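Next comes upload29.csv, a file with CSV, C-alpha atoms.
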```
chain,number,residue,atom,x,y,z
A,1,MET,CA,0.0,0.0,0.0
A,2,HIS,CA,1.2,3.5,-0.8
A,3,LEU,CA,0.0,6.3,1.6
A,4,THR,CA,-0.2,9.9,0.4
A,5,ILE,CA,-1.0,12.6,2.9
A,6,SER,CA,-1.9,15.9,1.2
A,7,THR,CA,-4.4,17.5,3.6
A,8,PHE,CA,-3.0,20.7,5.1
A,9,GLY,CA,-2.6,20.4,8.9
A,10,ALA,CA,-2.6,16.6,8.9
A,11,TYR,CA,-0.4,15.0,11.5
A,12,LEU,CA,1.3,11.6,11.2
A,13,HIS,CA,2.4,9.9,14.4
A,14,VAL,CA,2.5,6.5,16.1
A,15,SER,CA,-0.3,5.1,18.2
A,16,GLU,CA,0.0,1.6,19.7
A,17,ALA,CA,2.7,0.6,17.2
A,18,LEU,CA,0.5,1.7,14.3
A,19,PHE,CA,0.8,4.8,12.0
A,20,GLU,CA,-2.0,7.2,12.7
A,21,VAL,CA,-3.0,10.2,10.6
A,22,ARG,CA,-5.0,12.9,12.5
A,23,ILE,CA,-6.9,15.5,10.5
A,24,ARG,CA,-8.9,18.3,12.2
A,25,THR,CA,-12.4,18.8,10.7
A,26,ASN,CA,-15.3,21.0,11.6
A,27,ASP,CA,-16.8,17.9,13.4
A,28,GLY,CA,-13.7,17.2,15.5
A,29,VAL,CA,-10.6,15.1,14.7
A,30,LYS,CA,-10.6,12.4,12.1
A,31,LYS,CA,-8.2,9.5,12.7
A,32,GLN,CA,-7.0,6.8,10.3
A,33,GLN,CA,-4.6,4.0,11.3
A,34,PHE,CA,-2.3,1.9,9.1
A,35,MET,CA,-0.3,-1.2,9.9
A,36,PRO,CA,3.4,-0.8,9.1
A,37,LYS,CA,3.7,-4.2,7.5
A,38,LYS,CA,1.1,-3.2,4.9
A,39,LEU,CA,2.8,0.1,3.9
A,40,ARG,CA,5.5,0.4,1.2
A,41,SER,CA,5.8,4.2,1.0
A,42,ILE,CA,4.5,7.3,2.7
A,43,VAL,CA,4.3,10.6,0.7
A,44,VAL,CA,3.7,13.8,2.5
A,45,GLU,CA,3.1,17.3,1.1
A,46,ARG,CA,3.7,20.7,2.6
A,47,GLY,CA,1.6,21.6,5.6
A,48,VAL,CA,1.7,18.0,6.9
A,49,ALA,CA,3.5,17.3,10.2
A,50,LEU,CA,5.1,14.0,11.3
A,51,SER,CA,6.6,12.8,14.5
A,52,SER,CA,10.1,11.4,15.0
A,53,GLU,CA,8.5,8.2,16.2
A,54,ALA,CA,6.7,7.9,12.9
A,55,ILE,CA,10.0,8.3,11.0
A,56,MET,CA,11.7,5.7,13.2
A,57,LEU,CA,8.9,3.2,12.7
A,58,ALA,CA,9.1,3.7,9.0
A,59,LEU,CA,12.9,3.2,8.9
A,60,THR,CA,12.4,0.1,11.1
A,61,HIS,CA,10.0,-1.4,8.6
A,62,ASN,CA,11.9,-0.2,5.5
A,63,ILE,CA,9.1,2.2,4.5
A,64,ASP,CA,10.1,5.0,2.2
A,65,ILE,CA,9.0,8.5,3.4
A,66,VAL,CA,9.1,11.1,0.6
A,67,VAL,CA,8.4,14.8,1.1
A,68,VAL,CA,7.0,16.4,-2.1
A,69,GLN,CA,6.1,19.9,-3.4
A,70,SER,CA,2.5,20.6,-4.2
A,71,ASP,CA,3.1,19.7,-7.9
A,72,GLY,CA,4.4,16.2,-6.9
A,73,GLN,CA,8.1,17.0,-7.4
A,74,PRO,CA,10.2,15.3,-4.6
A,75,ALA,CA,11.9,17.7,-2.2
A,76,GLY,CA,13.6,15.1,-0.1
A,77,ARG,CA,13.2,11.7,1.5
A,78,PHE,CA,14.0,9.8,4.7
A,79,TRP,CA,16.4,6.9,3.9
A,80,HIS,CA,18.5,4.5,5.8
A,81,SER,CA,22.0,5.8,6.8
A,82,LYS,CA,23.5,2.6,5.3
A,83,LEU,CA,24.3,2.3,1.6
A,84,GLY,CA,22.1,0.0,-0.5
A,85,SER,CA,25.1,-1.9,-1.8
A,86,THR,CA,28.9,-1.9,-2.2
A,87,THR,CA,30.6,1.4,-2.7
A,88,LYS,CA,32.4,-0.1,-5.6
A,89,ILE,CA,29.3,0.5,-7.7
A,90,ARG,CA,29.4,4.3,-7.0
A,91,LYS,CA,33.2,4.4,-7.7
A,92,ARG,CA,32.7,2.7,-11.0
A,93,GLN,CA,29.7,4.9,-11.8
A,94,LEU,CA,31.9,8.0,-11.4
A,95,GLU,CA,34.6,6.5,-13.6
A,96,VAL,CA,32.1,5.7,-16.4
A,97,SER,CA,30.4,9.1,-16.2
A,98,ILE,CA,33.5,10.9,-17.4
A,99,GLY,CA,34.5,8.3,-20.0
A,100,THR,CA,33.5,7.1,-23.5
A,101,GLU,CA,31.1,4.5,-22.0
A,102,ALA,CA,28.8,7.2,-20.8
A,103,VAL,CA,28.1,8.2,-24.4
A,104,GLU,CA,26.6,4.9,-25.3
A,105,TYR,CA,24.5,4.7,-22.1
A,106,ILE,CA,23.1,8.2,-22.6
A,107,LYS,CA,22.3,7.4,-26.3
A,108,HIS,CA,20.7,4.1,-25.2
A,109,TRP,CA,18.4,5.7,-22.6
A,110,ILE,CA,17.3,8.5,-24.9
A,111,VAL,CA,16.8,6.2,-27.9
A,112,LEU,CA,14.7,3.8,-25.7
A,113,LYS,CA,12.5,6.7,-24.7
A,114,LEU,CA,11.9,7.7,-28.3
A,115,GLU,CA,11.2,4.0,-29.2
A,116,ARG,CA,8.6,3.8,-26.4
A,117,GLN,CA,7.0,7.1,-27.6
A,118,LEU,CA,6.8,5.5,-31.1
A,119,GLU,CA,5.2,2.3,-29.6
A,120,PHE,CA,2.6,4.4,-27.8
A,121,LEU,CA,1.7,6.4,-30.9
A,122,ALA,CA,1.5,3.2,-32.9
A,123,ASP,CA,-0.9,1.8,-30.3
A,124,LEU,CA,-3.0,4.9,-30.4
A,125,LYS,CA,-3.2,4.7,-34.2
A,126,ARG,CA,-4.9,1.4,-34.1
A,127,HIS,CA,-8.1,2.9,-32.6
A,128,ARG,CA,-8.1,6.2,-34.6
A,129,GLU,CA,-8.7,5.4,-38.2
A,130,GLY,CA,-9.2,9.1,-39.1
A,131,LYS,CA,-5.8,10.0,-37.7
A,132,ARG,CA,-3.7,7.2,-39.0
A,133,SER,CA,-2.0,9.1,-41.8
A,134,TYR,CA,-1.3,12.0,-39.4
A,135,ILE,CA,0.2,9.7,-36.7
A,136,ASP,CA,2.3,8.0,-39.3
A,137,GLU,CA,3.7,11.3,-40.5
A,138,GLN,CA,4.6,12.3,-36.9
A,139,ARG,CA,6.1,8.9,-36.1
A,140,THR,CA,8.3,9.2,-39.2
A,141,LYS,CA,9.7,12.6,-37.9
A,142,ILE,CA,10.5,11.0,-34.5
A,143,GLU,CA,12.1,8.0,-36.2
A,144,GLU,CA,14.4,10.4,-38.1
A,145,TYR,CA,15.5,12.0,-34.8
A,146,ARG,CA,16.0,8.6,-33.3
A,147,SER,CA,18.3,7.6,-36.2
A,148,ALA,CA,20.2,10.8,-35.9
A,149,ILE,CA,20.9,10.1,-32.2
A,150,VAL,CA,22.0,6.5,-33.0
A,151,ALA,CA,24.5,7.8,-35.6
A,152,LEU,CA,26.2,10.2,-33.1
A,153,GLU,CA,29.7,9.4,-32.2
A,154,ALA,CA,31.9,11.1,-29.6
A,155,THR,CA,34.6,10.5,-27.0
A,156,THR,CA,32.6,12.2,-24.2
A,157,VAL,CA,29.0,13.2,-23.6
A,158,ALA,CA,30.0,16.8,-23.5
A,159,ASP,CA,31.0,16.6,-27.2
A,160,ILE,CA,27.5,15.8,-28.3
A,161,ALA,CA,25.4,17.1,-25.4
A,162,GLU,CA,23.9,20.0,-27.4
A,163,LEU,CA,23.0,17.8,-30.4
A,164,LEU,CA,21.5,15.2,-28.1
A,165,ARG,CA,19.3,17.9,-26.4
A,166,ALA,CA,18.3,19.3,-29.8
A,167,TYR,CA,17.3,16.0,-31.3
A,168,GLU,CA,15.6,14.8,-28.2
A,169,GLY,CA,13.8,18.2,-27.8
A,170,ASN,CA,12.6,18.3,-31.4
A,171,ALA,CA,11.3,14.7,-31.1
A,172,GLY,CA,9.5,15.7,-27.9
A,173,ARG,CA,7.8,18.6,-29.6
A,174,VAL,CA,6.5,16.4,-32.4
A,175,TYR,CA,5.4,13.7,-29.9
A,176,PHE,CA,3.5,16.1,-27.6
A,177,ALA,CA,2.0,18.0,-30.5
A,178,THR,CA,0.6,14.6,-31.6
A,179,LEU,CA,-0.8,13.9,-28.2
A,180,SER,CA,-2.4,17.3,-28.1
A,181,GLU,CA,-4.0,16.8,-31.5
A,182,LEU,CA,-5.4,13.4,-30.4
A,183,ILE,CA,-6.7,14.9,-27.1
A,184,SER,CA,-8.3,17.7,-29.0
A,185,ALA,CA,-10.2,15.3,-31.2
A,186,ALA,CA,-11.7,13.8,-28.1
A,187,ASN,CA,-12.3,17.0,-26.1
A,188,SER,CA,-11.1,20.2,-27.6
A,189,LYS,CA,-11.0,22.1,-24.3
A,190,TYR,CA,-8.1,20.0,-23.1
A,191,ALA,CA,-5.8,20.7,-26.1
A,192,PHE,CA,-2.4,22.1,-25.1
A,193,SER,CA,0.5,23.8,-26.7
A,194,GLY,CA,3.6,21.9,-25.9
A,195,ARG,CA,5.2,21.1,-22.6
A,196,SER,CA,5.0,23.6,-19.7
A,197,LYS,CA,6.5,22.7,-16.4
A,198,ARG,CA,6.5,24.9,-13.3
A,199,PRO,CA,3.9,26.1,-13.4
A,200,ALA,CA,1.9,24.1,-15.9
A,201,LYS,CA,-0.1,26.3,-18.3
A,202,ASP,CA,-2.9,23.8,-18.8
A,203,PRO,CA,-4.6,20.8,-17.2
A,204,PHE,CA,-2.8,18.2,-19.3
A,205,ASN,CA,0.6,19.5,-18.3
A,206,ALA,CA,-0.5,19.9,-14.7
A,207,PHE,CA,-1.4,16.1,-14.7
A,208,LEU,CA,1.8,15.3,-16.5
A,209,ASN,CA,4.0,17.2,-14.1
A,210,TYR,CA,2.5,15.5,-11.1
A,211,ALA,CA,2.8,12.1,-12.9
A,212,TYR,CA,6.5,12.8,-13.5
A,213,GLY,CA,6.9,13.6,-9.8
A,214,ILE,CA,5.6,10.2,-8.9
A,215,LEU,CA,7.8,8.6,-11.5
A,216,TYR,CA,10.9,10.5,-10.0
A,217,ARG,CA,10.2,8.9,-6.7
A,218,ILE,CA,9.9,5.4,-8.2
A,219,VAL,CA,13.1,5.8,-10.2
A,220,GLU,CA,15.2,7.4,-7.4
A,221,ARG,CA,14.2,4.6,-5.0
A,222,ALA,CA,15.2,2.0,-7.5
A,223,ILE,CA,18.6,3.7,-8.1
A,224,MET,CA,19.3,3.8,-4.4
A,225,ILE,CA,18.3,0.2,-3.7
A,226,ALA,CA,20.6,-0.9,-6.5
A,227,GLY,CA,23.5,0.9,-4.8
A,228,LEU,CA,23.8,3.6,-7.5
A,229,ASP,CA,24.5,7.3,-6.7
A,230,PRO,CA,21.6,9.6,-7.7
A,231,TYR,CA,23.9,12.6,-7.9
A,232,ILE,CA,26.6,11.3,-10.4
A,233,GLY,CA,25.0,12.1,-13.7
A,234,PHE,CA,26.2,11.3,-17.2
A,235,MET,CA,24.6,14.2,-19.1
A,236,HIS,CA,22.6,16.3,-16.7
A,237,ARG,CA,24.5,18.9,-14.7
A,238,ASP,CA,26.5,18.0,-11.6
A,239,ASP,CA,25.2,21.0,-9.7
A,240,TYR,CA,25.1,21.1,-5.9
A,241,ASN,CA,22.2,18.9,-4.7
A,242,HIS,CA,21.0,18.2,-8.3
A,243,LEU,CA,19.9,14.6,-8.8
A,244,SER,CA,21.8,14.4,-12.0
A,245,PHE,CA,21.6,10.6,-12.5
A,246,VAL,CA,17.9,10.3,-11.7
A,247,PHE,CA,17.2,12.7,-14.6
A,248,ASP,CA,19.4,10.6,-16.9
A,249,PHE,CA,18.0,7.2,-15.9
A,250,ILE,CA,14.3,8.3,-15.9
A,251,GLU,CA,14.1,9.1,-19.6
A,252,PRO,CA,13.0,5.6,-20.9
A,253,TYR,CA,10.2,5.5,-18.4
A,254,ARG,CA,8.5,8.8,-19.1
A,255,PRO,CA,6.3,7.3,-21.9
A,256,PHE,CA,4.8,5.0,-19.2
A,257,ALA,CA,3.6,8.1,-17.3
A,258,ASP,CA,2.5,9.8,-20.5
A,259,GLU,CA,0.2,6.9,-21.3
A,260,VAL,CA,-1.4,7.1,-17.8
A,261,VAL,CA,-2.2,10.8,-18.2
A,262,PHE,CA,-3.3,10.5,-21.8
A,263,ARG,CA,-5.7,7.7,-21.1
A,264,LEU,CA,-7.3,9.7,-18.2
A,265,PHE,CA,-8.0,12.6,-20.6
A,266,SER,CA,-9.0,10.5,-23.6
A,267,ALA,CA,-11.4,8.4,-21.4
A,268,LYS,CA,-12.9,11.8,-20.2
A,269,LYS,CA,-12.2,10.9,-16.5
A,270,VAL,CA,-10.8,14.4,-15.9
A,271,ASN,CA,-13.2,17.3,-15.1
A,272,GLN,CA,-13.1,20.8,-13.7
A,273,SER,CA,-12.9,19.6,-10.1
A,274,HIS,CA,-9.5,18.0,-10.7
A,275,THR,CA,-7.6,21.3,-11.5
A,276,GLU,CA,-7.5,24.9,-10.3
A,277,ASN,CA,-6.0,28.1,-11.5
A,278,ILE,CA,-3.0,29.4,-9.6
A,279,ALA,CA,-0.7,32.4,-10.3
A,280,ASN,CA,0.4,32.1,-13.9
A,281,GLY,CA,-0.7,28.5,-14.3
A,282,VAL,CA,-2.8,25.5,-13.4
A,283,ALA,CA,-2.4,23.0,-10.5
A,284,LEU,CA,-4.1,19.8,-9.4
A,285,THR,CA,-6.6,19.8,-6.7
A,286,LYS,CA,-6.7,17.2,-4.0
A,287,GLU,CA,-9.3,15.3,-6.1
A,288,GLY,CA,-7.0,15.5,-9.1
A,289,LYS,CA,-4.0,14.2,-7.2
A,290,GLN,CA,-6.0,11.3,-5.8
A,291,LEU,CA,-7.3,10.4,-9.3
A,292,LEU,CA,-3.8,10.5,-10.8
A,293,SER,CA,-2.1,8.8,-7.9
A,294,GLU,CA,-4.6,5.9,-8.1
A,295,HIS,CA,-4.0,5.4,-11.8
A,296,MET,CA,-0.3,5.8,-11.6
A,297,TYR,CA,0.2,3.3,-8.9
A,298,HIS,CA,-2.2,0.9,-10.6
A,299,ALA,CA,-0.1,1.2,-13.8
A,300,PHE,CA,3.2,0.9,-12.1
A,301,GLU,CA,2.5,-1.5,-9.2
A,302,GLU,CA,-0.4,-3.7,-10.3
A,303,GLU,CA,-0.5,-3.9,-14.1
A,304,THR,CA,2.1,-6.1,-15.7
A,305,ILE,CA,4.0,-5.7,-19.0
A,306,ARG,CA,6.0,-8.3,-21.0
A,307,TYR,CA,9.5,-7.5,-20.0
A,308,ARG,CA,12.6,-9.6,-20.7
A,309,GLY,CA,10.4,-12.7,-21.3
A,310,LYS,CA,8.5,-12.4,-18.1
A,311,ASN,CA,5.4,-10.6,-16.9
A,312,ARG,CA,6.5,-7.8,-14.5
A,313,THR,CA,5.1,-4.6,-13.1
A,314,ARG,CA,6.6,-1.4,-14.4
A,315,SER,CA,8.1,-0.6,-11.0
A,316,VAL,CA,9.8,-4.0,-10.9
A,317,ALA,CA,11.1,-3.6,-14.4
A,318,ILE,CA,12.6,-0.2,-13.4
A,319,LEU,CA,14.2,-1.8,-10.4
A,320,HIS,CA,15.5,-4.7,-12.5
A,321,ASP,CA,17.0,-2.2,-14.9
A,322,ALA,CA,18.7,-0.3,-12.1
A,323,HIS,CA,20.2,-3.6,-10.7
A,324,THR,CA,21.3,-4.7,-14.2
A,325,PHE,CA,23.0,-1.4,-14.8
A,326,ALA,CA,24.8,-1.5,-11.4
A,327,ASN,CA,25.9,-5.1,-12.0
A,328,THR,CA,27.0,-4.2,-15.5
A,329,LEU,CA,29.3,-1.6,-13.9
A,330,LEU,CA,30.8,-4.3,-11.8
A,331,ALA,CA,30.8,-6.9,-14.6
A,332,MET,CA,28.6,-9.1,-12.3
A,333,SER,CA,25.8,-11.5,-13.1
A,334,THR,CA,22.3,-9.9,-13.1
A,335,ASN,CA,20.9,-13.2,-11.8
A,336,SER,CA,22.0,-12.5,-8.2
A,337,GLN,CA,19.2,-10.1,-7.4
A,338,ASP,CA,15.8,-11.2,-6.0
A,339,LEU,CA,13.4,-8.8,-7.7
A,340,SER,CA,10.1,-10.4,-6.5
A,341,HIS,CA,7.6,-7.9,-5.2
A,342,ASP,CA,4.0,-8.1,-4.2
A,343,SER,CA,2.2,-6.6,-7.2
A,344,ASN,CA,-1.1,-6.1,-5.3
A,345,GLU,CA,-0.4,-2.5,-4.4
A,346,GLU,CA,-3.0,0.0,-3.1
A,347,GLU,CA,-2.9,3.8,-3.1
A,348,VAL,CA,-4.5,5.7,-0.2
A,349,VAL,CA,-4.7,9.5,-0.3
A,350,VAL,CA,-5.7,11.4,2.9
```

Entire entry expressed as structure tokens:
Amino acid sequence: MHLTISTFGAYLHVSEALFEVRIRTNDGVKKQQFMPKKLRSIVVERGVALSSEAIMLALTHNIDIVVVQSDGQPAGRFWHSKLGSTTKIRKRQLEVSIGTEAVEYIKHWIVLKLERQLEFLADLKRHREGKRSYIDEQRTKIEEYRSAIVALEATTVADIAELLRAYEGNAGRVYFATLSELISAANSKYAFSGRSKRPAKDPFNAFLNYAYGILYRIVERAIMIAGLDPYIGFMHRDDYNHLSFVFDFIEPYRPFADEVVFRLFSAKKVNQSHTENIANGVALTKEGKQLLSEHMYHAFEEETIRYRGKNRTRSVAILHDAHTFANTLLAMSTNSQDLSHDSNEEEVVV
């Protein structure tokens, strides 16, 4: 189970060895209790208080506590003081990040993202006969950028970083223009003009930004469990406290989040109660966050995809990729990791 606490003034503490969330209402105090063994993660937003006993109980039961901004972007997390694996992995990661090998890894992750975008558009084409020619044209443009990235050669990532960003950015503009066109065909009021981040300029981007925030948490957790360093990036900046490697490693999985958001809009499950206007933009309401969180966790923790010859949840696939990458750095077998997880996950928002 994943517990998200977003109500302003809520208090998370421990009562009789259970997590208890207390929320003041006009009728008094509302209390909800959760057994530690049933929780996998706890996400808290601004305005939520938690006790040190709650933090200790979470650490004891290996429950991830993530503090997020109102738009879902992670601000920090409570994590064990012990490393997830041998420090040799991090040393090797640093060596690779400044060498020729980093070029191929970065190209691979970006190409894989474009390939998954192409697969998603191909899937959408099957049910949109009137848009098939348009989607084919757009997919051809993305394929051209994909081929251009594959053809790039360099000694270091810095040598081709600008070209990589240009090709990836151009492919992204084509991809999101296509999604906007298809959304508009179903409900014109939710059409959008490209990506907008903080703040989002429209409901679709508000949903997408929050979905990426959830995805960041999933990817960062997988990276840390695998013993990788979230700060040693290959292409993204090595700024102070900048999670460089998370932004590198997350790229192939963004289309998974795109699909969740797109299907919410195309199925007309989003309405005016799910977003609100803020200064210079649009944000999700509590109802919108709950709707998206439920569908994101269902897609990543319950649904299975065919992955490396097996049926796996998307979260387990991401964790497997992180372990595989870490083991590749050490030239170790990828068969040593037990990646089994309970796929019957539940999302609770209070």

Shell of 10 Å around A:Phe19, all atoms listed in the file, local chain residues under 3 positions omitted, as a compact mmCIF listing (two decimals) with C-alpha atoms, in the frame of the given file:
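out.txt was written with the following content:
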```txt
# COMPACT_ATOMS: atom_id res chain seq x y z
CA LEU A 12 1.30 11.60 11.20
CA HIS A 13 2.40 9.90 14.40
CA VAL A 14 2.50 6.50 16.10
CA SER A 15 -0.30 5.10 18.20
CA GLU A 16 0.00 1.60 19.70
CA ARG A 22 -5.00 12.90 12.50
CA GLN A 32 -7.00 6.80 10.30
CA GLN A 33 -4.60 4.00 11.30
CA PHE A 34 -2.30 1.90 9.10
CA MET A 35 -0.30 -1.20 9.90
CA PRO A 36 3.40 -0.80 9.10
CA LEU A 39 2.80 0.10 3.90
CA GLU A 53 8.50 8.20 16.20
CA ALA A 54 6.70 7.90 12.90
CA ILE A 55 10.00 8.30 11.00
CA LEU A 57 8.90 3.20 12.70
CA ALA A 58 9.10 3.70 9.00
```

**OP:** Between atom CA of A:Lys113 and atom CA of A:Arg254, measure the distance and give it in Å to one decimal.
**Re:** 7.2 Å

**OP:** Record the distance separating atom CA of A:Arg92 and atom CA of A:Ile149, expressed in Å with one decimal.
**Re:** 25.4 Å

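Those residues that approach stretch 145-147 of chain A to within 6 Å, counting all atoms listed in the file, are Val111, Ile142, Val150 and Tyr167 of chain A; same-chain residues fewer than 3 positions away are not listed.
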
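Atom CA of A:Phe204 sits 15.2 Å away from atom CA of A:Gly172.
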